[in-house]
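**Q** The structure file start.cif (mmCIF, C-alpha atoms) is provided below.
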```
data_work
loop_
_atom_site.label_atom_id
_atom_site.label_comp_id
_atom_site.auth_asym_id
_atom_site.auth_seq_id
_atom_site.Cartn_x
_atom_site.Cartn_y
_atom_site.Cartn_z
CA LEU I 262 170.27 -6.25 113.11
CA ARG I 263 167.33 -3.94 113.63
CA PRO I 264 163.98 -5.61 114.10
CA ARG I 265 161.71 -5.30 111.12
CA PRO I 266 158.59 -3.23 111.84
CA ARG I 267 155.40 -5.17 112.04
CA PRO I 268 152.99 -4.52 109.18
CA SER I 269 149.93 -2.55 110.15
CA PRO I 270 146.67 -4.46 110.07
CA ASP I 271 144.65 -4.31 106.89
CA PRO I 272 142.34 -1.31 106.87
CA SER I 273 138.69 -2.07 107.39
CA PRO I 274 136.65 -2.08 104.18
CA ASN I 275 134.23 0.38 105.83
CA PRO I 276 136.33 2.63 108.06
CA LYS I 277 134.49 4.97 110.37
CA PRO I 278 134.92 8.60 109.32
CA GLU I 279 136.60 10.90 111.76
CA VAL I 280 134.08 13.28 113.24
CA ALA I 281 135.30 16.69 114.38
CA ALA I 282 134.32 17.79 117.83
CA PRO I 283 131.34 20.17 117.71
CA ARG I 284 132.18 23.85 117.89
CA ALA I 285 130.84 25.90 120.72
CA TRP I 286 128.69 28.77 119.47
CA ARG I 287 129.83 32.21 120.48
CA PRO I 288 127.71 35.37 120.54
CA LEU I 289 128.14 37.72 117.58
CA HIS I 290 130.46 40.62 118.29
CA VAL I 291 130.55 43.50 115.85
CA ALA I 292 133.94 45.10 116.16
CA ALA I 293 134.93 48.45 114.77
CA PRO I 294 136.40 47.93 111.29
CA GLU I 295 139.95 49.05 110.76
CA TRP I 296 139.37 51.16 107.65
CA PRO I 297 142.51 52.70 106.18
CA MET I 298 142.54 56.44 105.93
CA VAL I 299 143.65 57.17 102.39
CA ALA I 300 144.79 60.58 101.23
CA THR I 301 144.30 61.90 97.72
CA ASN I 302 147.85 60.94 96.79
CA GLY I 303 147.27 57.28 97.74
CA THR I 304 149.29 57.38 100.98
CA ALA I 305 147.95 57.02 104.48
CA ALA I 306 146.10 60.21 105.27
CA PRO I 307 146.77 61.97 108.58
CA ARG I 308 143.94 61.87 111.05
CA SER I 309 143.11 64.92 113.07
CA ALA I 310 145.78 65.26 115.73
CA ALA I 311 143.30 64.58 118.53
CA PHE I 312 141.51 61.66 116.86
CA GLU I 313 142.42 58.37 118.50
CA GLY I 314 139.41 56.19 117.71
CA ALA I 315 139.55 52.98 115.69
CA GLY I 316 138.29 53.05 112.12
CA PRO I 317 137.48 56.00 109.87
CA GLN I 318 137.07 59.54 111.10
CA VAL I 319 134.29 60.35 108.62
CA VAL I 320 131.58 57.78 107.85
CA LEU I 321 128.64 58.12 105.45
CA VAL I 322 125.88 55.94 106.87
CA GLY I 323 122.64 54.82 105.22
CA ALA I 324 119.70 55.10 107.63
CA GLY I 325 117.35 52.99 105.52
CA PRO I 326 113.74 53.97 104.77
CA GLY I 327 112.65 54.72 108.35
CA ASP I 328 112.05 51.59 110.41
CA PRO I 329 114.97 51.37 112.89
CA GLU I 330 114.89 47.57 112.63
CA LEU I 331 115.94 47.95 108.99
CA LEU I 332 119.25 49.56 109.99
CA THR I 333 122.35 47.45 109.36
CA LEU I 334 124.37 46.31 112.38
CA LYS I 335 127.25 48.51 111.25
CA ALA I 336 125.01 51.57 110.91
CA LEU I 337 123.64 51.01 114.41
CA LYS I 338 127.16 50.70 115.83
CA TYR I 339 128.26 54.03 114.39
CA ILE I 340 125.18 56.08 115.33
CA GLN I 341 125.34 54.74 118.89
CA GLU I 342 128.97 55.73 119.44
CA PRO I 343 128.78 58.13 122.42
CA GLY I 344 131.57 60.45 121.28
CA ALA I 345 130.51 60.76 117.64
CA LEU I 346 129.10 63.84 115.97
CA VAL I 347 126.07 62.61 114.01
CA ILE I 348 124.96 64.93 111.20
CA ALA I 349 121.57 63.80 109.90
CA ASP I 350 119.33 64.86 107.04
CA ARG I 351 115.93 66.20 108.09
CA LEU I 352 114.10 63.30 106.41
CA VAL I 353 115.71 60.61 108.59
CA SER I 354 112.90 59.17 110.73
CA SER I 355 112.52 60.18 114.35
CA GLU I 356 112.55 56.48 115.28
CA VAL I 357 116.10 56.18 113.91
CA LEU I 358 117.25 59.49 115.40
CA GLU I 359 116.16 58.32 118.86
CA LEU I 360 118.91 55.68 118.70
CA VAL I 361 121.71 58.28 118.44
CA LYS I 362 123.77 58.42 121.63
CA GLY I 363 126.29 61.13 120.71
CA GLU I 364 125.69 64.71 119.64
CA LEU I 365 123.01 65.02 116.95
CA ARG I 366 122.74 67.87 114.47
CA ILE I 367 119.99 67.93 111.83
CA ALA I 368 120.48 69.71 108.53
CA LYS I 369 117.34 71.58 107.50
CA LYS I 370 117.46 70.65 103.85
CA ALA I 371 114.29 71.60 101.98
CA PRO I 372 113.38 72.39 98.36
CA GLY I 373 114.81 75.79 97.50
CA CYS I 374 117.39 75.88 100.30
CA ALA I 375 119.37 72.69 99.70
CA GLU I 376 122.64 74.45 98.86
CA PRO I 377 122.83 76.61 102.03
CA ALA I 378 122.02 73.51 104.09
CA GLN I 379 124.77 71.55 102.32
CA GLU I 380 127.29 74.29 103.13
CA GLN I 381 126.19 74.08 106.76
CA ILE I 382 126.82 70.32 106.68
CA TYR I 383 130.33 70.89 105.34
CA ARG I 384 131.05 73.40 108.12
CA TRP I 385 129.89 70.90 110.74
CA MET I 386 132.01 68.13 109.21
CA ALA I 387 135.09 70.36 109.26
CA GLU I 388 134.36 71.43 112.83
CA GLY I 389 133.98 67.84 114.01
CA THR I 390 137.15 66.55 112.38
CA ARG I 391 139.20 69.50 113.64
CA ALA I 392 137.99 68.68 117.15
CA GLY I 393 139.21 65.10 116.72
CA ARG I 394 135.73 63.54 116.71
CA ARG I 395 134.31 60.87 114.46
CA VAL I 396 131.78 62.43 112.10
CA VAL I 397 128.84 60.20 111.17
CA ARG I 398 126.93 61.57 108.19
CA LEU I 399 123.49 59.94 108.47
CA LYS I 400 121.42 59.85 105.28
CA ILE I 401 117.95 58.46 104.58
CA GLY I 402 117.90 55.29 102.48
CA ASP I 403 121.23 54.54 100.83
CA PRO I 404 123.88 57.31 100.72
CA PHE I 405 124.60 56.78 97.01
CA VAL I 406 120.99 56.79 95.76
CA PHE I 407 120.28 60.51 95.27
CA GLY I 408 122.03 61.17 98.57
CA ARG I 409 124.96 63.32 97.37
CA ALA I 410 127.38 60.91 99.01
CA GLY I 411 129.75 61.12 96.06
CA GLU I 412 129.91 64.90 96.37
CA GLU I 413 130.62 64.68 100.09
CA ILE I 414 133.41 62.17 99.50
CA LEU I 415 135.04 64.47 96.94
CA TRP I 416 134.66 67.44 99.30
CA SER I 417 136.19 65.50 102.21
CA ARG I 418 139.18 64.44 100.14
CA LYS I 419 139.80 67.98 98.96
CA ASN I 420 139.08 69.92 102.15
CA LEU I 421 139.73 67.47 104.98
CA ASP I 422 142.38 65.28 103.32
CA LEU I 423 140.30 62.28 104.40
CA MET I 424 138.66 59.43 102.51
CA PRO I 425 135.31 58.69 104.21
CA ALA I 426 134.07 55.16 104.71
CA VAL I 427 130.60 54.24 103.50
CA VAL I 428 127.98 52.08 105.24
CA PRO I 429 125.29 51.11 102.69
CA GLY I 430 121.64 51.33 103.64
CA ILE I 431 118.38 49.86 102.35
CA SER I 432 117.22 52.22 99.61
CA SER I 433 113.79 53.80 100.00
CA ALA I 434 113.36 53.40 96.24
CA PHE I 435 112.70 49.69 96.76
CA ALA I 436 111.73 49.36 100.43
CA GLY I 437 109.16 52.16 100.20
CA PRO I 438 106.99 50.59 97.48
CA LEU I 439 107.38 47.19 99.14
CA ALA I 440 106.01 48.56 102.42
CA GLY I 441 102.94 49.80 100.51
CA LEU I 442 102.47 46.40 98.82
CA VAL I 443 103.63 47.72 95.45
CA PRO I 444 106.20 45.39 93.83
CA VAL I 445 108.51 47.29 91.49
CA THR I 446 108.82 44.19 89.29
CA HIS I 447 106.27 41.48 88.55
CA ARG I 448 106.13 38.92 85.79
CA GLY I 449 103.66 40.04 83.17
CA ALA I 450 103.53 43.59 84.49
CA ALA I 451 107.10 44.96 84.65
CA ASN I 452 110.51 43.53 83.85
CA SER I 453 112.54 46.72 84.29
CA VAL I 454 112.71 49.62 86.73
CA ILE I 455 113.52 53.27 86.03
CA MET I 456 114.62 55.23 89.08
CA SER I 457 114.65 59.03 89.06
CA THR I 458 114.64 62.06 91.32
CA GLY I 459 112.00 64.75 91.16
CA TYR I 460 114.56 67.56 91.32
CA GLY I 461 117.63 68.02 89.19
CA ARG I 462 120.61 70.22 89.94
CA ASN I 463 119.66 73.68 91.21
CA GLY I 464 116.02 72.59 91.38
CA SER I 465 115.69 71.96 87.64
CA ALA I 466 113.21 69.52 86.12
CA VAL I 467 114.55 66.07 85.29
CA PRO I 468 114.15 64.73 81.71
CA LEU I 469 111.66 61.86 81.60
CA LEU I 470 112.17 58.69 79.61
CA PRO I 471 109.48 57.58 77.12
CA TYR I 472 106.68 55.31 78.30
CA HIS I 473 107.11 51.53 78.21
CA GLU I 474 104.17 49.46 79.38
CA ASP I 475 106.42 46.79 80.90
CA ALA I 476 108.56 49.23 82.91
CA THR I 477 108.10 50.70 86.39
CA ALA I 478 109.09 54.30 87.13
CA VAL I 479 110.07 55.11 90.72
CA PHE I 480 110.51 58.76 91.74
CA LEU I 481 112.18 60.00 94.91
CA MET I 482 111.80 63.56 96.21
CA ALA I 483 108.98 64.24 93.75
CA VAL I 484 105.84 65.03 95.77
CA GLY I 485 106.74 68.72 95.84
CA ARG I 486 106.21 68.93 92.08
CA LEU I 487 103.82 66.05 91.55
CA ARG I 488 101.45 67.92 89.22
CA GLU I 489 104.34 69.03 87.02
CA LEU I 490 105.69 65.47 87.04
CA CYS I 491 102.37 63.96 85.95
CA SER I 492 102.03 66.47 83.12
CA GLY I 493 105.54 65.61 81.96
CA LEU I 494 104.76 61.90 82.08
CA GLN I 495 101.77 62.39 79.78
CA GLU I 496 103.97 64.35 77.38
CA ALA I 497 106.41 61.41 77.47
CA GLY I 498 103.64 59.08 76.27
CA TYR I 499 102.22 57.76 79.53
CA PRO I 500 98.46 57.09 79.21
CA ALA I 501 96.13 59.18 81.35
CA ASP I 502 94.89 56.07 83.21
CA CYS I 503 98.38 54.80 84.01
CA PRO I 504 98.33 53.69 87.69
CA VAL I 505 100.23 55.74 90.28
CA ALA I 506 100.91 55.00 93.94
CA ILE I 507 102.37 57.22 96.64
CA VAL I 508 103.89 55.73 99.79
CA GLU I 509 104.45 58.44 102.39
CA ARG I 510 106.82 57.93 105.34
CA ALA I 511 107.37 54.32 104.33
CA THR I 512 108.10 51.72 107.03
CA THR I 513 107.20 54.07 109.89
CA PRO I 514 104.05 54.14 112.06
CA GLN I 515 103.01 57.26 110.12
CA GLN I 516 103.01 55.50 106.74
CA ARG I 517 100.15 56.32 104.36
CA THR I 518 99.57 54.74 100.94
CA PHE I 519 97.53 56.27 98.12
CA ARG I 520 96.55 54.90 94.72
CA GLY I 521 95.19 56.67 91.68
CA ASP I 522 96.26 57.42 88.13
CA ILE I 523 98.22 60.17 86.44
CA THR I 524 95.18 62.47 86.22
CA THR I 525 93.81 61.93 89.73
CA ILE I 526 96.88 61.53 91.95
CA PRO I 527 97.94 65.24 92.04
CA ASP I 528 94.57 66.36 93.45
CA LEU I 529 94.51 63.43 95.88
CA ALA I 530 97.97 64.35 97.17
CA VAL I 531 96.85 67.95 97.76
CA GLU I 532 93.64 66.84 99.44
CA LYS I 533 95.47 64.48 101.79
CA LYS I 534 98.37 66.90 102.36
CA VAL I 535 101.06 64.41 101.36
CA LYS I 536 104.52 65.49 102.49
CA ALA I 537 108.07 64.26 102.04
CA PRO I 538 109.54 61.75 102.43
CA ALA I 539 107.38 59.92 99.92
CA ILE I 540 107.94 57.53 97.04
CA VAL I 541 105.98 57.84 93.78
CA VAL I 542 105.55 54.64 91.74
CA VAL I 543 104.16 54.72 88.20
CA GLY I 544 103.20 51.67 86.17
CA GLU I 545 101.03 48.57 85.99
CA VAL I 546 102.71 47.09 89.09
CA VAL I 547 100.55 49.44 91.17
CA ARG I 548 97.52 47.26 90.33
CA VAL I 549 99.18 43.85 90.84
CA LEU I 550 98.53 43.58 94.59
CA GLU I 551 95.75 46.16 94.84
CA ASP I 552 93.22 43.62 96.12
CA ALA I 553 95.72 42.31 98.66
CA ALA I 554 96.49 45.86 99.76
CA LEU I 555 92.82 46.67 100.16
CA GLU I 556 92.38 43.53 102.22
CA THR I 557 95.43 44.28 104.35
CA PHE I 558 94.60 47.91 105.01
CA SER I 559 90.81 47.39 105.11
CA GLU I 560 90.06 50.37 102.89
CA ALA I 561 87.60 50.02 100.00
CA GLY I 562 87.57 51.86 96.71
CA LYS I 563 89.91 52.39 93.79
CA LEU I 564 91.84 55.12 95.61
CA MET I 565 93.23 53.29 98.60
CA GLU I 566 94.38 55.26 101.61
CA ASP I 567 95.77 53.97 104.88
CA GLU I 568 95.92 56.64 107.54
CA THR I 569 95.30 54.62 110.70
CA ILE I 570 97.11 51.28 110.43
CA GLY I 571 100.35 52.43 108.85
CA TYR I 572 103.33 50.16 108.51
CA LYS I 573 103.51 47.20 110.88
CA ALA I 574 106.98 45.91 111.68
CA ILE I 575 107.16 42.12 111.75
#
```
Reformat the file's structure so that it appears as structure tokens.
**A**
Amino acid sequence: LRPRPRPSPDPSPNPKPEVAAPRAWRPLHVAAPEWPMVATNGTAAPRSAAFEGAGPQVVLVGAGPGDPELLTLKALKYIQEPGALVIADRLVSSEVLELVKGELRIAKKAPGCAEPAQEQIYRWMAEGTRAGRRVVRLKIGDPFVFGRAGEEILWSRKNLDLMPAVVPGISSAFAGPLAGLVPVTHRGAANSVIMSTGYGRNGSAVPLLPYHEDATAVFLMAVGRLRELCSGLQEAGYPADCPVAIVERATTPQQRTFRGDITTIPDLAVEKKVKAPAIVVVGEVVRVLEDAALETFSEAGKLMEDETIGYKAI
């Protein structure tokens, strides 16, 4: 006969919970993502014969509004790859461009010559991929917010047989006003945001939506036709005293912030020689933190200008 097993003792009414051993913290390591290269027919697309790097061969990277500390970790990794060909827009801040470790080419896009510059970008992209290099297309803000990223993806699929990867960036449409102490939404002042570009296709004017007192209008790439824009806003029903703010070179040491209204801001911009990149914000939100902005930038008067302090990184 086999001995009968002894019964286990009765469990304690208050058993001690098992505590897992503490994990040892390890430093963060950002590895290159293994993005699949997808051809237009859905199969794996061939890389350039000489390309042996990990991850995508073409990457569209958002550079953020200008402060290099606002870059994402992934964006920083790609622009610091020594063997990469980095093709940047001219409005990407010099502080971000200084972080590039590979070859840097800057497209001289400007109003009136955007199309020739875009063709130059395409030639550089083709040249880089044929040479077996990773092409990093560096764009100010977020690539998909008036950055023509969609067009460059379609072009790459058609002409390079490659599907680019995308690294999102902080959009200047929101970070720019924030840096100038202009909230794009605020309870009691604005519960919606309209985002627009100052230039349509082939340099055409962009249709403006009717005025709503509880909406904020944010315009990118608009300082070159600011007077025309303000006239159009009045035709769309915006009152003449509707507040307007301009944040120039947001989040960089060269940042300047101006406040006025639809009738005064065009002359102020000419007087102060405002240049791109700049964000134009229209609506009651411009007044919400005006006192705080005046206190922060130590500049008195209704038209606030900050030329000396600029943006201070935290």
**Q** Can you give me, as number ranges by chain, the residues this file yields under the PyMOL selection byres ((chain I and resi 347) around 7)?
**A** I: 340, 345-346, 348-349, 363-366, 396-399
**Q** On this structure, the PyMOL selection byres ((chain I and resi 527) around 10) would catch which residues? List them as JSON, numbers by chain, sorted by chain and number.
**A** {"I": [484, 486, 487, 488, 489, 490, 491, 492, 505, 521, 522, 523, 524, 525, 526, 528, 529, 530, 531, 532, 535]}
**Q** Would you work out the distance separating CA of Asp403 in chain I from CA of Gly323 in chain I, expressed in Å to one decimal?
**A** 4.6 Å
**Q** Got a sec: who's within 7 Å of range 432-443 of chain I, counting only C-alpha atoms, leaving out chain neighbours fewer than 4 positions off, as an mmCIF file with C-alpha atoms, in the coordinates of the input?
**A**
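Below is the file that was written, selection.cif:
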```
data_model
loop_
_atom_site.group_PDB
_atom_site.id
_atom_site.type_symbol
_atom_site.label_atom_id
_atom_site.label_comp_id
_atom_site.auth_asym_id
_atom_site.auth_seq_id
_atom_site.Cartn_x
_atom_site.Cartn_y
_atom_site.Cartn_z
ATOM 1 C CA GLY I 325 117.350 52.990 105.520
ATOM 2 C CA PRO I 326 113.740 53.970 104.770
ATOM 3 C CA GLY I 402 117.900 55.290 102.480
ATOM 4 C CA ASP I 403 121.230 54.540 100.830
ATOM 5 C CA VAL I 479 110.070 55.110 90.720
ATOM 6 C CA LEU I 481 112.180 60.000 94.910
ATOM 7 C CA VAL I 508 103.890 55.730 99.790
ATOM 8 C CA ALA I 511 107.370 54.320 104.330
ATOM 9 C CA THR I 512 108.100 51.720 107.030
ATOM 10 C CA THR I 518 99.570 54.740 100.940
ATOM 11 C CA ILE I 540 107.940 57.530 97.040
ATOM 12 C CA VAL I 546 102.710 47.090 89.090
ATOM 13 C CA VAL I 547 100.550 49.440 91.170
ATOM 14 C CA LEU I 550 98.530 43.580 94.590
ATOM 15 C CA ALA I 554 96.490 45.860 99.760
ATOM 16 C CA TYR I 572 103.330 50.160 108.510
#
```
**Q** Check what the PyMOL selection byres ((chain I and resi 360) around 8) selects in the file above and give those residues as a list in words.
**A** Leu337, Ile340, Gln341, Glu356, Val357, Leu358, Glu359, Val361 and Lys362 of chain I
**Q** Near Glu474 in chain I, counting only C-alpha atoms, which residues have an atom at most 8 Å away, once you skip same-chain residues fewer than 3 positions from it, shown as a ChimeraX atom specification?
**A** /I:450-451,544-545
**Q** What does the distance from CA of Ala539 in chain I to CA of Arg462 in chain I come to in Å, to one decimal?
**A** 19.5 Å
**Q** For each of I:Ser453, I:Asp328, I:Pro538, I:Glu496, take the minimum atom-to-atom distance to Phe480 in chain I, counting only C-alpha atoms, then give the residue where this is smallest.
**A**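 Using only C-alpha atoms, the shortest distance to Phe480 in chain I belongs to I:Pro538.
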**Q** Please, what distance in Å, to one decimal, runs between CA of Pro429 in chain I and CA of Phe405 in chain I?
**A** 8.1 Å
**Q** Could you check the closest approach to Ala426 in chain I for each of I:Ile414, I:Ala476, I:Ala501, I:Met456 and tell me which residue wins, using only C-alpha atoms?
**A**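 Closest to Ala426 in chain I, using only C-alpha atoms: I:Ile414.
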